[in-house]
Amino acid sequence: MRLLPVTLVAGLLATASPAAAADFFDAGKLPAPPVTGQEMANSVGTFSESHKHRVTGTPAETAATQDLADQAKKLGYAVEIVPLSPGGTGPLHAVVATRKGRTNPNEHIVFGAHYDNVAQTVDGAYDNGSGTMMLMALAKSFANVPTNRTLVFAWYNGEEEGTLASDPHAASFKEDGKAVRAMLGFDMVGIGWPVAKTGPTNCLCTWRGDEDDAFDALLRHVNFDVLKFPNEPNKVEVRGQNTRNSDEASWDVQGFPTLRWAGMRTAGNYPGYHKPDDTMAKIDEVAGGRMFFEQGLRNTLLSSYYTALTLDNAQPVARAAATGNGVLTFDASGSSDADGPISDVTWDFGDGTTATGTTVTHEYERAGTYTATASVGDSLWPKVRSTATVQVQAPGKPSVGGPAVTAPPAAPTTPPRTTPSRRTAKTKKATVRCRTTRVRSKKKGGKRRVVRQCRKVRTAKQRAAERKRADAKRRAAARKRAAARKRRGR
Ligand SMILES: [Zn+2]
């Protein structure tokens, strides 16, 4: 019996489905940062209380510098204390911890916070022990998380005198022609969302640089789609262009994209701002209890960590194609990932069978139209996947030792034959009974015409034989599928 040729829709008629809406990396499938709010709050207390009066250029500040360098080293980073005073001598510097990226090491994601105090504060717990330790929590969170881009954690002094250390640091990146995906700034974080009593100045607030409009959508995606934070005034807010002014401004001036996190809308909203009582006790009082500060720190960590991961990675884009006749070749090699090679391609052929590999072959057992789906993993995080589908039509193929499987006949578009075809008579071995009737032509005023209608009449014996053949065919197909599964080791 003649087999219909495979009608290949792939590459001819049907195209792969449009890439899944993947404007952003699916950060929701990545490991959560391993630092609790309590651990962060405790570290803010420890750092700010053991380095009181850390005004730039003082021994207290130098001790704080060394403490931060030691902590970052312990996390496995390459740490440098970078001198930043004009001419190289003077009190300005940054503790810079770096870890090379895997696929895009020449592009940097920079995290920045200042750790110096103004002269009139003592502990500087909120300004900026909080941002200082948020950076350390981020460094810890990324310590065992591979990234495509190079991570840079920069703790600055000289901020309170006018971002004196971050200015030359950002300028040096510009002069050296270094690419920066974004600089993420942290100054006064954690009294945001939640707090015991929400007021008009509260929010876990985020901003972006003045030409970084695209970051608004990114921040909304991470905070509201991935983390499901409340998109409500005075809770979590994406506030648009940066109205705060800290070390990230130094990077913005150089033309680098920037982002900024803070708890409360302005520095002045915090009653301990630049006052001697900027202490843990003051933070607890403003937040309404330590547990609120802890949760606020944790939420800030989640928000910035997943934002950074999204900046570091692009979701893969899957493409599926099929070619061939009979044994079809399925090809996902047109898939791509902006940060590196795709990984871990799997196929679902739509007939209950699957395969692994970028290019695979498959032959359908039964006639029909199938949707085959390619699932493609991200080069860095294979759990983050995109899929693409391709439609194929298969006529089926002969079963071993059994009758061939034919494609289902197309719906008749012509009147039934008035006499049995030779082929029907021969292959079906059915008795054909016909009768003659008169029907009126569809044309208005048309004449009646004679139509001979026939139907096949099978004997009970013939029907039983047909059932038996169909059963045998089904069993043979099931055996073949089982054997195929066994061969694949599934
Ligand atoms: Zn500050």
# chains A, B, ... in the order shown; residues from 1 in each chain; ligands from 1
$ closest_atom_pairs --of "chain A" --to "ligand 1" --cutoff "7 Å" --atoms "only C-alpha atoms and all ligand atoms" --output "JSON lines"
{"residue": "A:His114", "atom": "CA", "partner": "ligand 1", "partner_atom_place_in_ligand_line": "1 (Zn)", "distance": 6.5}
{"residue": "A:Asp127", "atom": "CA", "partner": "ligand 1", "partner_atom_place_in_ligand_line": "1 (Zn)", "distance": 4.6}
{"residue": "A:Asn128", "atom": "CA", "partner": "ligand 1", "partner_atom_place_in_ligand_line": "1 (Zn)", "distance": 5.1}
{"residue": "A:Glu160", "atom": "CA", "partner": "ligand 1", "partner_atom_place_in_ligand_line": "1 (Zn)", "distance": 6.7}
{"residue": "A:Asp187", "atom": "CA", "partner": "ligand 1", "partner_atom_place_in_ligand_line": "1 (Zn)", "distance": 5.0}
{"residue": "A:Met188", "atom": "CA", "partner": "ligand 1", "partner_atom_place_in_ligand_line": "1 (Zn)", "distance": 6.1}
{"residue": "A:Ser246", "atom": "CA", "partner": "ligand 1", "partner_atom_place_in_ligand_line": "1 (Zn)", "distance": 6.7}
$ write_last_selection --atoms "C-alpha atoms" --output "PDB file, in the first residue's frame"
ATOM      1  CA  HIS A 114      29.674  54.018  52.017  1.00  0.00           C
ATOM      2  CA  ASP A 127      23.624  55.808  57.830  1.00  0.00           C
ATOM      3  CA  ASN A 128      25.271  53.688  56.700  1.00  0.00           C
ATOM      4  CA  GLU A 160      29.759  62.242  53.707  1.00  0.00           C
ATOM      5  CA  ASP A 187      22.525  53.900  51.550  1.00  0.00           C
ATOM      6  CA  MET A 188      20.171  53.763  54.558  1.00  0.00           C
ATOM      7  CA  SER A 246      24.910  58.886  47.214  1.00  0.00           C
TER       8      SER A 246
END
$ closest_atom_pairs --of "stretch 86-201 of chain A" --to "stretch 337-345 of chain A" --cutoff "9 Å" --atoms "only C-alpha atoms" --output "tab-separated table"
residue	atom	partner	partner_atom	distance
A:Thr103	CA	A:Gly340	CA	6.3
A:Asn104	CA	A:Asp339	CA	7.1
A:Asn148	CA	A:Asp339	CA	6.8
$ select_by_dssp --residues "stretch 126-217 of chain A" --states "strand (DSSP E or B)" --output "JSON, numbers by chain"
{"A": [149, 150, 151, 152, 153, 154, 155, 156, 179, 180, 181, 182, 183, 184, 185, 186, 204, 205, 206, 207, 208]}
$ closest_residue --among "A:Thr201, A:Thr389, A:Gln315, A:Gln71" --to "A:Asn234" --atoms "only C-alpha atoms"
A:Thr201
$ residues_around --residues "A:Ala478" --least-positions-apart "5" --cutoff "12 Å" --atoms "only C-alpha atoms" --output "PyMOL selection string"
chain A and resi 352+365-366+399-400+471-473+483-485
$ residues_around --residues "A:Ala27" --least-positions-apart "2" --cutoff "8 Å" --atoms "only C-alpha atoms" --output "list of chain:residue names"
A:Phe25, A:Lys29, A:Leu30, A:Val222, A:Val226, A:Tyr306, A:Leu309, A:Thr310
$ residues_around --residues "stretch 84-101 of chain A" --least-positions-apart "6" --cutoff "7 Å" --atoms "only C-alpha atoms" --output "list in words"
Thr56, Gly57, Thr65, Ala69, Ala72, Tyr77, Ala78, Thr147, Asn148, Arg149, Thr150, Leu151, Val152, Phe153, Ala154, Trp155, Tyr156, Asn157, Gly158, Ala165, Pro168 and His169 of chain A
$ closest_residue --among "A:Asn106, A:Thr36, A:Ser141, A:Thr353" --to "A:Leu75" --atoms "only C-alpha atoms"
A:Ser141
$ closest_residue --among "A:Val110, A:Met183, A:Ala477, A:Leu219" --to "A:Glu248" --atoms "only C-alpha atoms"
A:Met183
$ select_by_dssp --residues "stretch 287-333 of chain A" --states "alpha helix (DSSP H)" --output "number ranges by chain"
A: 287, 290-312
$ closest_residue --among "A:Leu218, A:Ala179, A:Val35, A:Val392" --to "A:Gln295" --atoms "only C-alpha atoms"
A:Val35
$ atom_distance --atom1 "atom CA of A:Val376" --atom2 "atom CA of A:Phe215"
26.4 Å
$ atom_distance --atom1 "atom CA of A:Ala388" --atom2 "atom CA of A:Val317"
8.3 Å
$ residues_around --residues "stretch 207-212 of chain A" --least-positions-apart "6" --cutoff "7 Å" --atoms "only C-alpha atoms" --output "VMD selection string"
chain A and resid 238 to 242 252 257 to 261
$ write_last_selection --atoms "C-alpha atoms" --output "PDB file, in the first residue's frame"
ATOM      1  CA  VAL A 238       9.507  51.792  42.004  1.00  0.00           C
ATOM      2  CA  ARG A 239      10.081  55.497  42.163  1.00  0.00           C
ATOM      3  CA  GLY A 240      11.665  56.214  38.781  1.00  0.00           C
ATOM      4  CA  GLN A 241      14.505  58.658  38.378  1.00  0.00           C
ATOM      5  CA  ASN A 242      16.838  58.841  41.352  1.00  0.00           C
ATOM      6  CA  ASP A 252      25.642  58.015  36.898  1.00  0.00           C
ATOM      7  CA  PRO A 257      23.534  52.731  34.412  1.00  0.00           C
ATOM      8  CA  THR A 258      22.622  52.927  38.092  1.00  0.00           C
ATOM      9  CA  LEU A 259      20.052  51.633  40.560  1.00  0.00           C
ATOM     10  CA  ARG A 260      19.429  52.631  44.137  1.00  0.00           C
ATOM     11  CA  TRP A 261      17.766  51.028  47.154  1.00  0.00           C
TER      12      TRP A 261
END
$ closest_residue --among "A:Thr300, A:Ser172, A:Ser250, A:Gln391" --to "A:Leu328" --atoms "only C-alpha atoms"
A:Gln391
$ residues_around --residues "stretch 354-361 of chain A" --least-positions-apart "3" --cutoff "7 Å" --atoms "only C-alpha atoms" --output "list in words"
Val327, Leu328, Thr329, Phe330, Asp331, Ala332, Ser333, Val345, Thr346, Trp347, Asp348 and Phe349 of chain A
$ closest_residue --among "A:Asp312, A:Asp67, A:Glu159, A:Asp123" --to "A:His53" --atoms "only C-alpha atoms"
A:Asp123
